[in-house]
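Visitor: Below you'll find the structure I mean.
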Amino acid sequence: MLSKLRNIRVRDTLSSEISSSSINLKKLYLLIFILILNTNSLVSQDASEDLQSSEAILATEKELDQKIIELNKRFTTHAKLMKVKVKILPAQTVLFKGKADGNKCVLSQDQESDTNDCMHLELYDFVGSELGLSGKGLGSKSKFITIIYSGAASQESNYRKIPPRDVGKIFSRIAMNDFVNGESVTSEIDDSSPLTSPLQNGNFFLFYQVDGFPFRGTEESPAAKGVGRYSLEKMENTTSHDIRNTFKKKFYVKHLDNFDKLFQKIYNFNDRDGNQNYRNNIRVLQDSLKY
């Protein structure tokens, strides 16, 4: 009898432990299931955030591209300056018109010729000028933009009525020569389809040279990224490295806008000079009424 009671107690104890273990195992499975759900949710959320960030980068680039194209279109209206006899220029500014040869605008003897198809506008300065050290001969700085027009020039004799002219290429160069430290840096930007919409990063090239290296025309190599000639298409534009957007937003849009305003200023200066000639002629005619 005593033996039977012991067996019953052992069986009940084992049953209780098994039941308890079963409950604990169920709790463990439930906990693991909850963790898996939470992990999947976090991964999904991170992926969604990455996707949204990437979409934001692309949306920003699209807006910047549109600004660049709109600025490029403004240069079509500066074609009227091709027929203006330019007598007045802002300080430290060079402007000439000529015939395109690759990326160059070759100076023409006849600055108002119908055969001219490009304009070269350049600003120059001296290293240390912002500190009042221009006269110290520390070095030189310059930047220019070359607008190369396509198609035939307008035969309109009145430059004020000259219609916009298509722009086939916009080429820019920024250079700095530091005489003291013996350093020179050159950056070039070549947009060979400035009016194409949407903007084609593959048709937009940059060239970067330090102390004459590499030679002009050298293509970028895997061993020297960002040195030599490379297209905007190769420039990284991700959530962690939005380099292409930075170039467009913090430099190129402002660069185009500054030169657009400078072209307009030069036109206004010299158009005003033309109006002054009209006024002088009227004054002469009025003076003739005195006798």
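As shown in the structure tokens, the chain order sets the letters A, B, ...; within each chain, residues go from 1, and ligands are also counted from 1 in the order they appear.
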Just asking: which residues within region 78-197 of chain A are strand (DSSP E or B) according to DSSP, as number ranges by chain?
Guide: A: 93-101, 104-107, 118-126, 139-149, 167-178, 183-191
Visitor: For region 159-207 of chain A versus region 75-83 of chain A, which residues have an atom no more than 12 Å away, and what is each residue's nearest atom pair and distance in Å rounded to one decimal, using only C-alpha atoms, chain-then-number order, as a tab-separated table?
Guide:
```
residue	atom	partner	partner_atom	distance
A:Tyr159	CA	A:Lys80	CA	5.3
A:Arg160	CA	A:Lys80	CA	6.5
A:Lys161	CA	A:Lys80	CA	7.7
A:Ile162	CA	A:Lys80	CA	5.4
A:Pro163	CA	A:Thr77	CA	6.9
A:Pro164	CA	A:Thr77	CA	4.4
A:Arg165	CA	A:Thr76	CA	4.8
A:Asp166	CA	A:Thr76	CA	5.6
A:Val167	CA	A:Thr76	CA	6.0
A:Gly168	CA	A:Thr76	CA	9.8
A:Lys169	CA	A:Phe75	CA	10.6
A:Ile170	CA	A:Phe75	CA	9.4
A:Pro194	CA	A:Phe75	CA	10.0
A:Leu195	CA	A:Thr76	CA	9.6
```
Visitor: Could you make a table, as a tab-separated table, of the residues of region 98-125 of chain A that have an atom within 10 Å of an atom of region 84-91 of chain A, each with its nearest atom pair and distance in Å to one decimal, counting only C-alpha atoms, in chain and number order?
Guide:
```
residue	atom	partner	partner_atom	distance
A:Gln111	CA	A:Lys85	CA	7.5
A:Glu112	CA	A:Val84	CA	6.7
A:Leu123	CA	A:Ala91	CA	8.6
A:Tyr124	CA	A:Ala91	CA	9.2
A:Asp125	CA	A:Ala91	CA	9.9
```
Visitor: Limited to C-alpha atoms, could you put the picked residues into a file as a tab-separated table (two decimals), in the first residue's frame?
Guide:
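The resulting part.tsv:
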```
chain	number	residue	atom	x	y	z
A	111	GLN	CA	33.92	91.18	-82.63
A	112	GLU	CA	30.46	91.77	-84.13
A	123	LEU	CA	37.08	87.02	-64.10
A	124	TYR	CA	40.53	87.18	-62.56
A	125	ASP	CA	41.85	88.01	-59.12
```
Visitor: Which region 66-112 of chain A residues have any atom within 10 Å of an atom of region 140-151 of chain A, and for each, what is the nearest pair of atoms with distance in Å to one decimal, counting only C-alpha atoms, rows sorted by chain and number, as JSON lines?
Guide:
```
{"residue": "A:Asn72", "atom": "CA", "partner": "A:Ile147", "partner_atom": "CA", "distance": 9.6}
{"residue": "A:Phe75", "atom": "CA", "partner": "A:Ile147", "partner_atom": "CA", "distance": 7.6}
{"residue": "A:Thr76", "atom": "CA", "partner": "A:Tyr149", "partner_atom": "CA", "distance": 8.0}
{"residue": "A:His78", "atom": "CA", "partner": "A:Ile147", "partner_atom": "CA", "distance": 9.5}
{"residue": "A:Ala79", "atom": "CA", "partner": "A:Tyr149", "partner_atom": "CA", "distance": 8.1}
{"residue": "A:Gln92", "atom": "CA", "partner": "A:Ser142", "partner_atom": "CA", "distance": 9.7}
{"residue": "A:Thr93", "atom": "CA", "partner": "A:Phe144", "partner_atom": "CA", "distance": 9.5}
{"residue": "A:Val94", "atom": "CA", "partner": "A:Phe144", "partner_atom": "CA", "distance": 9.0}
{"residue": "A:Leu95", "atom": "CA", "partner": "A:Phe144", "partner_atom": "CA", "distance": 9.5}
{"residue": "A:Phe96", "atom": "CA", "partner": "A:Thr146", "partner_atom": "CA", "distance": 9.8}
{"residue": "A:Lys97", "atom": "CA", "partner": "A:Thr146", "partner_atom": "CA", "distance": 9.5}
{"residue": "A:Gly98", "atom": "CA", "partner": "A:Ile148", "partner_atom": "CA", "distance": 9.5}
{"residue": "A:Lys99", "atom": "CA", "partner": "A:Ile148", "partner_atom": "CA", "distance": 8.5}
{"residue": "A:Ala100", "atom": "CA", "partner": "A:Ile148", "partner_atom": "CA", "distance": 6.6}
{"residue": "A:Asp101", "atom": "CA", "partner": "A:Ile148", "partner_atom": "CA", "distance": 9.5}
{"residue": "A:Gly102", "atom": "CA", "partner": "A:Ile148", "partner_atom": "CA", "distance": 9.4}
{"residue": "A:Asn103", "atom": "CA", "partner": "A:Thr146", "partner_atom": "CA", "distance": 7.7}
{"residue": "A:Lys104", "atom": "CA", "partner": "A:Thr146", "partner_atom": "CA", "distance": 7.3}
{"residue": "A:Cys105", "atom": "CA", "partner": "A:Thr146", "partner_atom": "CA", "distance": 6.8}
```
Visitor: Check region 65-198 of chain A with DSSP on the backbone and list each residue it calls helix (DSSP H, G or I), as a PDB file with C-alpha atoms, in the first residue's frame.
Guide:
```pdb
ATOM      1  CA  ASP A  65      18.851  69.538 -62.655  1.00  0.00           C
ATOM      2  CA  GLN A  66      15.814  71.630 -63.533  1.00  0.00           C
ATOM      3  CA  LYS A  67      17.470  74.738 -62.066  1.00  0.00           C
ATOM      4  CA  ILE A  68      20.603  74.085 -64.121  1.00  0.00           C
ATOM      5  CA  ILE A  69      18.602  73.690 -67.335  1.00  0.00           C
ATOM      6  CA  GLU A  70      16.654  76.895 -66.637  1.00  0.00           C
ATOM      7  CA  LEU A  71      19.913  78.768 -66.040  1.00  0.00           C
ATOM      8  CA  ASN A  72      21.378  77.343 -69.241  1.00  0.00           C
ATOM      9  CA  LYS A  73      18.341  78.635 -71.126  1.00  0.00           C
ATOM     10  CA  ARG A  74      19.124  82.152 -69.928  1.00  0.00           C
ATOM     11  CA  PHE A  75      22.373  82.063 -71.884  1.00  0.00           C
ATOM     12  CA  THR A  76      20.355  81.719 -75.099  1.00  0.00           C
ATOM     13  CA  THR A  77      19.114  85.292 -74.565  1.00  0.00           C
ATOM     14  CA  HIS A  78      22.659  86.628 -74.191  1.00  0.00           C
ATOM     15  CA  ALA A  79      23.170  85.987 -77.915  1.00  0.00           C
ATOM     16  CA  LYS A  80      22.235  89.647 -78.490  1.00  0.00           C
ATOM     17  CA  LEU A  81      25.534  90.572 -76.822  1.00  0.00           C
ATOM     18  CA  MET A  82      27.259  88.990 -79.829  1.00  0.00           C
ATOM     19  CA  LYS A  83      26.262  92.048 -81.878  1.00  0.00           C
ATOM     20  CA  SER A 129      43.122  89.738 -52.309  1.00  0.00           C
ATOM     21  CA  GLU A 130      40.483  89.132 -49.638  1.00  0.00           C
ATOM     22  CA  LEU A 131      43.176  90.040 -47.080  1.00  0.00           C
ATOM     23  CA  SER A 134      46.846  91.727 -54.017  1.00  0.00           C
ATOM     24  CA  GLY A 135      50.064  93.691 -54.504  1.00  0.00           C
ATOM     25  CA  LYS A 136      52.260  91.067 -52.836  1.00  0.00           C
ATOM     26  CA  TYR A 159      20.855  93.787 -81.512  1.00  0.00           C
ATOM     27  CA  ARG A 160      17.958  94.534 -79.159  1.00  0.00           C
ATOM     28  CA  LYS A 161      15.681  92.454 -81.390  1.00  0.00           C
TER      29      LYS A 161
END
```
Visitor: Please identify all polymer residues within 10 Å of region 228-240 of chain A, counting only C-alpha atoms, omitting same-chain residues fewer than 6 positions from it, and present them as a PyMOL selection string.
Guide: chain A and resi 50-58+61+187-191+200-210+213-221+246-248
